[in-house]
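Engineer: Can you keep this structure in mind? I'll have questions shortly.
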Amino acid sequence: MEFTIWNLVTDLGLIAMLLLVGMFLRARIGLLQRSFMPASIIAGILGLILGPNMLGLLPFSAFIGDYPGVLIAIVFAAIPLTTGRFNIRKMINKVGGLWSYSQIAMLLMWGLGLLFALVLLVPAFDVHTGFGLILAAGFVGGHGTAAALGDAFAQQGWEEATSLAMTSATLGAILAIGVGLALIRKSANEGYANYISRFDELPEELRTGLIPEDKREWGGKDTVSAISIDPLVFHMALVVFVTMIGYYLSQFGESLYEGLAIPAFSLAFLVGLALSLLLQAGDMDKYIDKSVMAKVSGSATDVLVAFGIASINLTVVAQNLVPFLILMAFGILFTYTFYRVVSQYYFQEQWFEKGIFTFGWITGAVAMGIALLRIVDPKLESGTLEDYGLAYIPIAPVEIALITFAPLFILNGQHWLFTVITIALSVAIIIFSYTRGWLHFKRNA
């Protein structure tokens with residue numbers, strides 16, 4: 001099938017329709033409100049059911065599986081442009097504990113997930129040596145990382161990775177809320193919660209997704225005059241320009257060295273970072289509104305999630321169902337251990353709030369963590385969300401490196417080396433955390 005511009009328009013139109021349906025269903029159906037399921041995931045599930053991989057009722061083109069690879073490059077290009085200037089010393093002193101706790105969780109999920117699969121699943125089920133990476137890609141990474149990892153592996157010939165990683169991300173989002181709500185009820189009954197709230201007491205906008213008129217806020221400031229260029233177009237132009245440069249650099253690398261496949265999203269991130277530093281040096285970063293840039297990134301993420309789920313190949317999932325479910329069970333056990341045990345050694349106060357937030361984001365991405373946090377801390381008095389925003393600044397480069405180089409390690413047969421590096425880094429951070437006083441041997445019970 002030859003690609004035409006109308007394939008893009010009709011595919012986007014269908015996804016737009018499903019996103020609107022997902023938003024309407026979330027606003028009207030109590031069960032969906034209680035699940036905190038984003039409209040993008042609802043749209044993706046509807047697209048999967050009604051699309052070519054199941055009922056075939058929606059006329060998606062054959063290219064819907066290619067869009068996530070482009071959209072993730074856009075998302076990563078915007079990340080450096082959404083981060084303002086910060087004082088690194090002040091940041092470390094304020095959020096060092098949450099940073100080290102979160103960084104260790106991320107590294108271990110990548111390393112231990114791969115190790116678990118190499119020791120048990122690869123010899124037992126003859127799956128790909130990179131099979132264990134789909135756990136971290138889906139859980140701690142979410143649909144964006146799943147798209148990135150799938151795209152990287154697809155370039156190396158393992159095309160099934162995208163469907164498996166997207167399924168992992170979707171299941172992780174569902175588990176984040178389902179298991180998370182159960183943990184909240186249990187811990188609240190045991191007296192661990194400091195700001196607990198019942199679901200029925202949550203603000204209407206958090207349940208339905210629709211913001212009442214008296215609670216609406218401005219979505220950003222105009223930093224350039226519309227007489228010259230529309231502010232939204234200006235911000236989008238920066239992101240798309242960075243994405244294009246990242247793509248061309250990726251293609252240039254492949255032309256220089258055969259087999260060198262550095263994903264475009266990684267290079268787009270580096271280009272975006274370079275542009276951000278250049279703008280800061282020239283005091284021009286003040287013309288970038290971080291809220292608008294975040295909305296550009298968030299919009300691309302919503303569309304990515306919907307396309308990613310809709311394009312899941314269920315045949316691939318069915319063929320790997322048993323090892324996939326075993327890997328998911330390991331992931332649930334890992335995340336629960338971090339929430340219930342490790343968090344109490346790191347956070348002597350408010351361990352429950354910080355622990356349940358981290359449980360949400362390392363199973364179903366940050367949106368799920370926020371949803372759980374707003375239940376146990378509706379006024380955000382614990383400062384968890386603000387601290388995480390700062391803590392993520394040094395985490396982001398590590399996450400980019402993991403997504404970029406993990407497939408390259410697998411391709412070159414260095415899967416054992418990858419596990420050693422990730423676990424060794426985790427041990428080093430644990431030791432560093434203890435010397436800084438962030439980690440305590442005595443658990444807060």
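Ordered as shown in the structure tokens, chains take letters A, B, and onward, while each chain numbers its residues from 1 and ligands are numbered from 1 in the order shown.
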Output as an MDAnalysis selection string all residues of region 152-359 of chain A that backbone DSSP marks as helix (DSSP H, G or I).
Structural biologist: chainID A and resid 152:154 160:189 199:201 204:208 213:215 231:256 264:281 285:287 290:310 314:319 321:346 351:359
Engineer: For Ile309 (chain A), work out the shell of residues within 12 Å, counting only C-alpha atoms and skipping chain neighbours fewer than 2 positions away, then give it as a PDB file with N, CA and C atoms, in the first residue's frame.
Structural biologist:
ATOM      1  N   ILE A  15      -8.304   8.855  15.010  1.00  0.00           N
ATOM      2  CA  ILE A  15      -7.795   8.914  16.382  1.00  0.00           C
ATOM      3  C   ILE A  15      -8.402  10.097  17.119  1.00  0.00           C
ATOM      4  N   SER A  40      -6.770   9.031  26.337  1.00  0.00           N
ATOM      5  CA  SER A  40      -5.879   8.475  25.311  1.00  0.00           C
ATOM      6  C   SER A  40      -5.832   6.950  25.362  1.00  0.00           C
ATOM      7  N   ILE A  41      -5.849   6.390  26.571  1.00  0.00           N
ATOM      8  CA  ILE A  41      -5.838   4.929  26.696  1.00  0.00           C
ATOM      9  C   ILE A  41      -7.186   4.353  26.277  1.00  0.00           C
ATOM     10  N   ILE A  42      -8.284   5.023  26.659  1.00  0.00           N
ATOM     11  CA  ILE A  42      -9.611   4.580  26.237  1.00  0.00           C
ATOM     12  C   ILE A  42      -9.695   4.598  24.712  1.00  0.00           C
ATOM     13  N   ALA A  43      -9.189   5.675  24.108  1.00  0.00           N
ATOM     14  CA  ALA A  43      -9.198   5.790  22.650  1.00  0.00           C
ATOM     15  C   ALA A  43      -8.381   4.680  22.011  1.00  0.00           C
ATOM     16  N   GLY A  44      -7.219   4.393  22.586  1.00  0.00           N
ATOM     17  CA  GLY A  44      -6.374   3.342  22.040  1.00  0.00           C
ATOM     18  C   GLY A  44      -7.018   1.973  22.110  1.00  0.00           C
ATOM     19  N   ILE A  45      -7.665   1.683  23.230  1.00  0.00           N
ATOM     20  CA  ILE A  45      -8.343   0.384  23.385  1.00  0.00           C
ATOM     21  C   ILE A  45      -9.496   0.271  22.390  1.00  0.00           C
ATOM     22  N   LEU A  46     -10.263   1.362  22.232  1.00  0.00           N
ATOM     23  CA  LEU A  46     -11.344   1.351  21.238  1.00  0.00           C
ATOM     24  C   LEU A  46     -10.778   1.179  19.831  1.00  0.00           C
ATOM     25  N   GLY A  47      -9.657   1.836  19.549  1.00  0.00           N
ATOM     26  CA  GLY A  47      -9.029   1.696  18.245  1.00  0.00           C
ATOM     27  C   GLY A  47      -8.535   0.283  17.991  1.00  0.00           C
ATOM     28  N   LEU A  48      -8.030  -0.365  19.043  1.00  0.00           N
ATOM     29  CA  LEU A  48      -7.570  -1.751  18.908  1.00  0.00           C
ATOM     30  C   LEU A  48      -8.750  -2.678  18.616  1.00  0.00           C
ATOM     31  N   ILE A  49      -9.853  -2.491  19.361  1.00  0.00           N
ATOM     32  CA  ILE A  49     -11.025  -3.362  19.193  1.00  0.00           C
ATOM     33  C   ILE A  49     -11.688  -3.139  17.837  1.00  0.00           C
ATOM     34  N   LEU A  50     -11.847  -1.877  17.458  1.00  0.00           N
ATOM     35  CA  LEU A  50     -12.574  -1.552  16.230  1.00  0.00           C
ATOM     36  C   LEU A  50     -11.681  -1.492  14.993  1.00  0.00           C
ATOM     37  N   GLY A  51     -10.367  -1.521  15.202  1.00  0.00           N
ATOM     38  CA  GLY A  51      -9.425  -1.365  14.108  1.00  0.00           C
ATOM     39  C   GLY A  51      -9.105  -2.659  13.381  1.00  0.00           C
ATOM     40  N   ASN A  53      -6.761  -4.820  13.586  1.00  0.00           N
ATOM     41  CA  ASN A  53      -6.219  -5.972  14.297  1.00  0.00           C
ATOM     42  C   ASN A  53      -7.282  -6.794  15.022  1.00  0.00           C
ATOM     43  N   ILE A  64      -0.416   2.881  10.765  1.00  0.00           N
ATOM     44  CA  ILE A  64      -0.646   3.378  12.125  1.00  0.00           C
ATOM     45  C   ILE A  64       0.447   2.921  13.088  1.00  0.00           C
ATOM     46  N   GLY A  65       1.118   1.834  12.782  1.00  0.00           N
ATOM     47  CA  GLY A  65       2.202   1.386  13.643  1.00  0.00           C
ATOM     48  C   GLY A  65       3.467   2.210  13.498  1.00  0.00           C
ATOM     49  N   TYR A  67       3.455   5.687  13.284  1.00  0.00           N
ATOM     50  CA  TYR A  67       3.303   7.011  13.887  1.00  0.00           C
ATOM     51  C   TYR A  67       3.961   7.143  15.262  1.00  0.00           C
ATOM     52  N   PRO A  68       3.854   6.133  16.152  1.00  0.00           N
ATOM     53  CA  PRO A  68       4.479   6.291  17.471  1.00  0.00           C
ATOM     54  C   PRO A  68       5.967   6.585  17.406  1.00  0.00           C
ATOM     55  N   GLY A 138       7.479  -0.717  29.379  1.00  0.00           N
ATOM     56  CA  GLY A 138       6.054  -0.514  29.578  1.00  0.00           C
ATOM     57  C   GLY A 138       5.703   0.064  30.929  1.00  0.00           C
ATOM     58  N   GLY A 142       6.310   3.705  30.294  1.00  0.00           N
ATOM     59  CA  GLY A 142       5.010   4.073  29.746  1.00  0.00           C
ATOM     60  C   GLY A 142       4.977   3.919  28.236  1.00  0.00           C
ATOM     61  N   HIS A 143       3.905   4.379  27.634  1.00  0.00           N
ATOM     62  CA  HIS A 143       3.699   4.179  26.195  1.00  0.00           C
ATOM     63  C   HIS A 143       4.752   4.900  25.350  1.00  0.00           C
ATOM     64  N   GLY A 144       5.237   6.044  25.834  1.00  0.00           N
ATOM     65  CA  GLY A 144       6.258   6.749  25.072  1.00  0.00           C
ATOM     66  C   GLY A 144       7.546   5.946  24.972  1.00  0.00           C
ATOM     67  N   ALA A 146       7.767   2.759  25.458  1.00  0.00           N
ATOM     68  CA  ALA A 146       7.451   1.539  24.714  1.00  0.00           C
ATOM     69  C   ALA A 146       7.586   1.770  23.218  1.00  0.00           C
ATOM     70  N   ALA A 147       7.111   2.928  22.758  1.00  0.00           N
ATOM     71  CA  ALA A 147       7.236   3.257  21.339  1.00  0.00           C
ATOM     72  C   ALA A 147       8.699   3.423  20.956  1.00  0.00           C
ATOM     73  N   THR A 162       7.523  -3.885  19.590  1.00  0.00           N
ATOM     74  CA  THR A 162       6.604  -2.751  19.746  1.00  0.00           C
ATOM     75  C   THR A 162       5.266  -3.197  20.327  1.00  0.00           C
ATOM     76  N   SER A 163       4.676  -4.241  19.780  1.00  0.00           N
ATOM     77  CA  SER A 163       3.387  -4.723  20.283  1.00  0.00           C
ATOM     78  C   SER A 163       3.498  -5.210  21.720  1.00  0.00           C
ATOM     79  N   LEU A 164       4.582  -5.911  22.038  1.00  0.00           N
ATOM     80  CA  LEU A 164       4.766  -6.417  23.400  1.00  0.00           C
ATOM     81  C   LEU A 164       4.966  -5.266  24.387  1.00  0.00           C
ATOM     82  N   ALA A 165       5.771  -4.280  23.994  1.00  0.00           N
ATOM     83  CA  ALA A 165       6.023  -3.155  24.886  1.00  0.00           C
ATOM     84  C   ALA A 165       4.763  -2.312  25.082  1.00  0.00           C
ATOM     85  N   MET A 166       3.993  -2.099  24.022  1.00  0.00           N
ATOM     86  CA  MET A 166       2.748  -1.337  24.139  1.00  0.00           C
ATOM     87  C   MET A 166       1.735  -2.070  25.030  1.00  0.00           C
ATOM     88  N   THR A 167       1.678  -3.375  24.893  1.00  0.00           N
ATOM     89  CA  THR A 167       0.796  -4.167  25.758  1.00  0.00           C
ATOM     90  C   THR A 167       1.246  -4.067  27.204  1.00  0.00           C
ATOM     91  N   SER A 168       2.556  -4.104  27.418  1.00  0.00           N
ATOM     92  CA  SER A 168       3.109  -3.958  28.759  1.00  0.00           C
ATOM     93  C   SER A 168       2.729  -2.608  29.361  1.00  0.00           C
ATOM     94  N   ALA A 169       2.821  -1.551  28.562  1.00  0.00           N
ATOM     95  CA  ALA A 169       2.486  -0.210  29.047  1.00  0.00           C
ATOM     96  C   ALA A 169       1.003  -0.092  29.375  1.00  0.00           C
ATOM     97  N   THR A 170       0.161  -0.668  28.532  1.00  0.00           N
ATOM     98  CA  THR A 170      -1.286  -0.612  28.770  1.00  0.00           C
ATOM     99  C   THR A 170      -1.663  -1.394  30.022  1.00  0.00           C
ATOM    100  N   LEU A 171      -1.116  -2.593  30.160  1.00  0.00           N
ATOM    101  CA  LEU A 171      -1.384  -3.395  31.353  1.00  0.00           C
ATOM    102  C   LEU A 171      -0.843  -2.701  32.594  1.00  0.00           C
ATOM    103  N   ALA A 173      -0.574   0.517  33.137  1.00  0.00           N
ATOM    104  CA  ALA A 173      -1.454   1.630  33.505  1.00  0.00           C
ATOM    105  C   ALA A 173      -2.691   1.131  34.238  1.00  0.00           C
ATOM    106  N   ASP A 302      -0.493  12.128  23.997  1.00  0.00           N
ATOM    107  CA  ASP A 302      -1.853  11.584  23.923  1.00  0.00           C
ATOM    108  C   ASP A 302      -2.097  10.855  22.600  1.00  0.00           C
ATOM    109  N   VAL A 303      -1.688  11.489  21.512  1.00  0.00           N
ATOM    110  CA  VAL A 303      -1.872  10.869  20.199  1.00  0.00           C
ATOM    111  C   VAL A 303      -1.009   9.612  20.067  1.00  0.00           C
ATOM    112  N   LEU A 304       0.214   9.684  20.614  1.00  0.00           N
ATOM    113  CA  LEU A 304       1.113   8.530  20.595  1.00  0.00           C
ATOM    114  C   LEU A 304       0.491   7.337  21.308  1.00  0.00           C
ATOM    115  N   VAL A 305      -0.041   7.574  22.504  1.00  0.00           N
ATOM    116  CA  VAL A 305      -0.643   6.494  23.285  1.00  0.00           C
ATOM    117  C   VAL A 305      -1.794   5.848  22.524  1.00  0.00           C
ATOM    118  N   ALA A 306      -2.651   6.684  21.947  1.00  0.00           N
ATOM    119  CA  ALA A 306      -3.804   6.161  21.215  1.00  0.00           C
ATOM    120  C   ALA A 306      -3.374   5.329  20.016  1.00  0.00           C
ATOM    121  N   PHE A 307      -2.448   5.842  19.221  1.00  0.00           N
ATOM    122  CA  PHE A 307      -1.954   5.089  18.061  1.00  0.00           C
ATOM    123  C   PHE A 307      -1.215   3.824  18.501  1.00  0.00           C
ATOM    124  N   SER A 311      -2.445  -0.002  17.485  1.00  0.00           N
ATOM    125  CA  SER A 311      -1.638  -0.761  16.523  1.00  0.00           C
ATOM    126  C   SER A 311      -1.041  -2.040  17.102  1.00  0.00           C
ATOM    127  N   ILE A 312      -1.414  -2.397  18.335  1.00  0.00           N
ATOM    128  CA  ILE A 312      -0.886  -3.626  18.952  1.00  0.00           C
ATOM    129  C   ILE A 312      -1.272  -4.842  18.122  1.00  0.00           C
ATOM    130  N   ASN A 313      -0.294  -5.684  17.842  1.00  0.00           N
ATOM    131  CA  ASN A 313      -0.536  -6.931  17.117  1.00  0.00           C
ATOM    132  C   ASN A 313      -0.846  -8.023  18.135  1.00  0.00           C
ATOM    133  N   LEU A 314      -2.127  -8.373  18.263  1.00  0.00           N
ATOM    134  CA  LEU A 314      -2.536  -9.336  19.279  1.00  0.00           C
ATOM    135  C   LEU A 314      -1.991 -10.730  19.009  1.00  0.00           C
TER     136      LEU A 314
END
Engineer: Select from region 9-51 of chain A every residue with an atom at most 9 Å from any atom of region 174-177 of chain A, then for each give the shortest pair of atoms and their distance in Å to one decimal, using only C-alpha atoms, rows by chain and rising number, as a tab-separated table.
Structural biologist:
residue	atom	partner	partner_atom	distance
A:Arg34	CA	A:Ile177	CA	8.8
A:Ser35	CA	A:Ile177	CA	6.2
A:Phe36	CA	A:Ile177	CA	7.1
A:Met37	CA	A:Ile174	CA	7.7
Engineer: Which is closest to Leu267 (chain A) among A:Gly253, A:Gly96, A:Pro212, A:Pro52, if we use only C-alpha atoms?
Structural biologist: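 Among A:Gly253, A:Gly96, A:Pro212, A:Pro52, it is A:Gly253 that comes nearest to Leu267 (chain A).
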Engineer: Given only C-alpha atoms as the basis, pick out the residue of A:Ala105, A:Ala188, A:Trp361, A:Leu18 nearest to Thr337 (chain A).
Structural biologist: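 Closest residue, counting only C-alpha atoms: A:Ala105.
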Engineer: Work out how far apart CA of Asn7 (chain A) and CA of Ser61 (chain A) are and give it in Å to one decimal.
Structural biologist: 6.1 Å
Engineer: Which is closer to Thr404 (chain A) than all the others in A:Asp66, A:Asp126, A:Asp289, A:Asp151, using only C-alpha atoms?
Structural biologist: A:Asp151
Engineer: Could you pull the residues within 12 Å of region 319-324 of chain A, counting only C-alpha atoms, minus those fewer than 6 positions along the same chain, as a PyMOL selection string?
Structural biologist: chain A and resi 113+116-118+120-128+131-135+138+160-161+163-165+167-168+171+313+330-331
Engineer: Write out as a PyMOL selection string the residues lying within 12 Å of Ala294 (chain A), counting only C-alpha atoms and excluding same-chain residues fewer than 3 positions away.
Structural biologist: chain A and resi 74-84+219-220+232+235-236+239+288-291+297-301
Engineer: Would you write out those residues with N, CA and C atoms, as a PDB file, in the first residue's frame?
Structural biologist:
ATOM      1  N   ILE A  74       9.109  13.656  18.727  1.00  0.00           N
ATOM      2  CA  ILE A  74       8.573  14.984  19.048  1.00  0.00           C
ATOM      3  C   ILE A  74       8.525  15.200  20.552  1.00  0.00           C
ATOM      4  N   VAL A  75       8.072  14.184  21.282  1.00  0.00           N
ATOM      5  CA  VAL A  75       7.989  14.277  22.745  1.00  0.00           C
ATOM      6  C   VAL A  75       9.368  14.517  23.346  1.00  0.00           C
ATOM      7  N   PHE A  76      10.366  13.749  22.910  1.00  0.00           N
ATOM      8  CA  PHE A  76      11.705  13.872  23.474  1.00  0.00           C
ATOM      9  C   PHE A  76      12.367  15.183  23.048  1.00  0.00           C
ATOM     10  N   ALA A  77      12.018  15.690  21.890  1.00  0.00           N
ATOM     11  CA  ALA A  77      12.571  16.971  21.449  1.00  0.00           C
ATOM     12  C   ALA A  77      12.088  18.103  22.349  1.00  0.00           C
ATOM     13  N   ALA A  78      10.869  17.977  22.869  1.00  0.00           N
ATOM     14  CA  ALA A  78      10.289  19.040  23.690  1.00  0.00           C
ATOM     15  C   ALA A  78      10.751  19.003  25.138  1.00  0.00           C
ATOM     16  N   ILE A  79      11.226  17.850  25.616  1.00  0.00           N
ATOM     17  CA  ILE A  79      11.571  17.711  27.035  1.00  0.00           C
ATOM     18  C   ILE A  79      12.577  18.759  27.501  1.00  0.00           C
ATOM     19  N   PRO A  80      13.717  18.949  26.819  1.00  0.00           N
ATOM     20  CA  PRO A  80      14.671  19.959  27.316  1.00  0.00           C
ATOM     21  C   PRO A  80      14.121  21.379  27.263  1.00  0.00           C
ATOM     22  N   LEU A  81      13.166  21.627  26.376  1.00  0.00           N
ATOM     23  CA  LEU A  81      12.608  22.960  26.225  1.00  0.00           C
ATOM     24  C   LEU A  81      11.513  23.253  27.247  1.00  0.00           C
ATOM     25  N   THR A  82      11.091  22.242  27.987  1.00  0.00           N
ATOM     26  CA  THR A  82      10.080  22.441  29.028  1.00  0.00           C
ATOM     27  C   THR A  82      10.717  22.640  30.395  1.00  0.00           C
ATOM     28  N   THR A  83      12.030  22.454  30.495  1.00  0.00           N
ATOM     29  CA  THR A  83      12.734  22.564  31.769  1.00  0.00           C
ATOM     30  C   THR A  83      13.422  23.916  31.866  1.00  0.00           C
ATOM     31  N   GLY A  84      13.075  24.651  32.889  1.00  0.00           N
ATOM     32  CA  GLY A  84      13.689  25.963  33.073  1.00  0.00           C
ATOM     33  C   GLY A  84      15.055  25.865  33.728  1.00  0.00           C
ATOM     34  N   GLY A 219      -3.643  28.572  30.212  1.00  0.00           N
ATOM     35  CA  GLY A 219      -2.787  27.484  29.756  1.00  0.00           C
ATOM     36  C   GLY A 219      -1.405  27.911  29.339  1.00  0.00           C
ATOM     37  N   GLY A 220      -1.079  29.196  29.481  1.00  0.00           N
ATOM     38  CA  GLY A 220       0.242  29.680  29.103  1.00  0.00           C
ATOM     39  C   GLY A 220       0.192  31.154  28.751  1.00  0.00           C
ATOM     40  N   LEU A 232       1.501  29.651  19.545  1.00  0.00           N
ATOM     41  CA  LEU A 232       1.474  28.194  19.523  1.00  0.00           C
ATOM     42  C   LEU A 232       2.296  27.653  18.356  1.00  0.00           C
ATOM     43  N   HIS A 235       6.048  27.803  19.195  1.00  0.00           N
ATOM     44  CA  HIS A 235       6.520  26.713  20.050  1.00  0.00           C
ATOM     45  C   HIS A 235       6.542  25.377  19.295  1.00  0.00           C
ATOM     46  N   MET A 236       5.518  25.148  18.487  1.00  0.00           N
ATOM     47  CA  MET A 236       5.490  23.922  17.696  1.00  0.00           C
ATOM     48  C   MET A 236       6.621  23.891  16.684  1.00  0.00           C
ATOM     49  N   VAL A 239       9.847  22.712  18.265  1.00  0.00           N
ATOM     50  CA  VAL A 239       9.858  21.275  18.529  1.00  0.00           C
ATOM     51  C   VAL A 239      10.016  20.472  17.236  1.00  0.00           C
ATOM     52  N   ILE A 288      10.342  31.316  25.583  1.00  0.00           N
ATOM     53  CA  ILE A 288       9.705  29.992  25.540  1.00  0.00           C
ATOM     54  C   ILE A 288       8.853  29.838  26.788  1.00  0.00           C
ATOM     55  N   ASP A 289       7.568  29.685  26.610  1.00  0.00           N
ATOM     56  CA  ASP A 289       6.664  29.475  27.738  1.00  0.00           C
ATOM     57  C   ASP A 289       6.629  27.984  28.054  1.00  0.00           C
ATOM     58  N   LYS A 290       7.053  27.637  29.254  1.00  0.00           N
ATOM     59  CA  LYS A 290       7.176  26.222  29.619  1.00  0.00           C
ATOM     60  C   LYS A 290       5.820  25.519  29.619  1.00  0.00           C
ATOM     61  N   SER A 291       4.757  26.250  29.973  1.00  0.00           N
ATOM     62  CA  SER A 291       3.423  25.639  29.981  1.00  0.00           C
ATOM     63  C   SER A 291       2.968  25.280  28.575  1.00  0.00           C
ATOM     64  N   SER A 297       4.137  18.910  24.037  1.00  0.00           N
ATOM     65  CA  SER A 297       4.634  17.567  24.337  1.00  0.00           C
ATOM     66  C   SER A 297       3.504  16.648  24.785  1.00  0.00           C
ATOM     67  N   GLY A 298       2.613  17.174  25.643  1.00  0.00           N
ATOM     68  CA  GLY A 298       1.503  16.361  26.139  1.00  0.00           C
ATOM     69  C   GLY A 298       0.534  15.969  25.042  1.00  0.00           C
ATOM     70  N   SER A 299       0.305  16.869  24.099  1.00  0.00           N
ATOM     71  CA  SER A 299      -0.585  16.562  22.973  1.00  0.00           C
ATOM     72  C   SER A 299      -0.015  15.432  22.124  1.00  0.00           C
ATOM     73  N   ALA A 300       1.299  15.514  21.850  1.00  0.00           N
ATOM     74  CA  ALA A 300       1.941  14.445  21.082  1.00  0.00           C
ATOM     75  C   ALA A 300       1.875  13.123  21.829  1.00  0.00           C
ATOM     76  N   THR A 301       2.003  13.185  23.159  1.00  0.00           N
ATOM     77  CA  THR A 301       1.943  11.963  23.963  1.00  0.00           C
ATOM     78  C   THR A 301       0.571  11.321  23.900  1.00  0.00           C
TER      79      THR A 301
END
Engineer: Return the single residue from A:Lys295, A:Lys354, A:Arg374, A:Lys215 that is closest to Tyr339 (chain A), with distances computed using only C-alpha atoms.
Structural biologist: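 Of all the options, A:Lys354 lies closest to Tyr339 (chain A).
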Engineer: When you look at Trp351 (chain A) with a cut-off of 10 Å (counting only C-alpha atoms), what residues show up, excluding the ones that are within fewer than 2 positions of it in the same chain? I need them as a PDB file with C-alpha atoms, in the first residue's frame.
Structural biologist:
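Written output follows (selection.pdb):
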ATOM      1  CA  TYR A 192      -0.218   5.086  57.390  1.00  0.00           C
ATOM      2  CA  ALA A 193      -1.948   7.876  55.444  1.00  0.00           C
ATOM      3  CA  ASN A 194      -1.489  11.512  56.464  1.00  0.00           C
ATOM      4  CA  TYR A 339       6.445   0.733  47.623  1.00  0.00           C
ATOM      5  CA  ARG A 340       5.980  -1.273  50.818  1.00  0.00           C
ATOM      6  CA  VAL A 341       9.564  -1.885  51.941  1.00  0.00           C
ATOM      7  CA  VAL A 342      12.175   0.354  50.328  1.00  0.00           C
ATOM      8  CA  SER A 343      10.145   3.566  50.652  1.00  0.00           C
ATOM      9  CA  GLN A 344      10.113   3.225  54.435  1.00  0.00           C
ATOM     10  CA  TYR A 345      13.900   3.153  54.542  1.00  0.00           C
ATOM     11  CA  TYR A 346      14.115   6.300  52.423  1.00  0.00           C
ATOM     12  CA  PHE A 347      11.248   8.429  53.677  1.00  0.00           C
ATOM     13  CA  GLN A 348      10.923   8.503  57.432  1.00  0.00           C
ATOM     14  CA  GLU A 349       7.998  10.893  57.080  1.00  0.00           C
ATOM     15  CA  GLU A 353       2.450   9.391  49.965  1.00  0.00           C
ATOM     16  CA  LYS A 354       5.841   9.282  48.259  1.00  0.00           C
ATOM     17  CA  GLY A 355       5.715   5.496  48.022  1.00  0.00           C
ATOM     18  CA  ILE A 356       2.258   5.309  46.433  1.00  0.00           C
ATOM     19  CA  PHE A 357       3.153   8.062  43.948  1.00  0.00           C
ATOM     20  CA  SER A 382       3.270  16.529  51.074  1.00  0.00           C
ATOM     21  CA  ASN A 444       9.868   3.732  59.547  1.00  0.00           C
ATOM     22  CA  ALA A 445       7.013   1.475  60.577  1.00  0.00           C
TER      23      ALA A 445
END
Engineer: Taking only C-alpha atoms into account, name the residue in A:Ser250, A:Leu425, A:Lys286, A:Pro59 that is nearest to Pro263 (chain A).
Structural biologist: A:Ser250
Engineer: Got a sec: who's within 12 Å of Val427 (chain A), counting only C-alpha atoms, leaving out chain neighbours fewer than 6 positions off, as a PyMOL selection string?
Structural biologist: chain A and resi 100-101+103-105+107-108+111+420-421+433-434
Engineer: Using the selection just defined, write its residues with C-alpha atoms as a PDB file, in the first residue's frame.
Structural biologist:
ATOM      1  CA  SER A 100      18.033   8.348  44.500  1.00  0.00           C
ATOM      2  CA  TYR A 101      14.954   6.273  45.362  1.00  0.00           C
ATOM      3  CA  GLN A 103      16.688   6.421  40.056  1.00  0.00           C
ATOM      4  CA  ILE A 104      17.367   3.094  41.748  1.00  0.00           C
ATOM      5  CA  ALA A 105      13.841   1.885  40.979  1.00  0.00           C
ATOM      6  CA  LEU A 107      17.772   1.202  36.958  1.00  0.00           C
ATOM      7  CA  LEU A 108      16.808  -1.992  38.759  1.00  0.00           C
ATOM      8  CA  GLY A 111      18.522  -4.468  34.904  1.00  0.00           C
ATOM      9  CA  VAL A 420      25.906  -5.716  35.499  1.00  0.00           C
ATOM     10  CA  ILE A 421      26.118  -1.997  34.695  1.00  0.00           C
ATOM     11  CA  SER A 433      22.423   7.808  49.479  1.00  0.00           C
ATOM     12  CA  TYR A 434      23.526   6.388  52.800  1.00  0.00           C
TER      13      TYR A 434
END
Engineer: Here is a test: counting only C-alpha atoms, which residue of A:Leu275, A:Ala237, A:Leu270, A:Ala371 is nearest to Ile184 (chain A)?
Structural biologist: A:Ala371
Engineer: Compile the contact shell of Gln155 (chain A) as a list in words: residues with an atom at most 12 Å away, counting only C-alpha atoms, same-chain residues fewer than 2 positions apart removed.
Structural biologist: Asp66, Gly69, Ala148, Leu149, Gly150, Asp151, Ala152, Phe153, Gly157, Trp158, Glu159, Glu160, Ala161, Thr162, Ser250, Glu254, Gly259, Leu260, Ala261, Ile262, Pro263, Ala264, Pro407, Leu408 and Leu411 of chain A
Engineer: As an exercise, work out the distance from CA of Trp110 (chain A) to CA of Phe352 (chain A) in Å and give it to one decimal place.
Structural biologist: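 If I compute the distance from CA of Trp110 (chain A) to CA of Phe352 (chain A), I get 24.1 Å.
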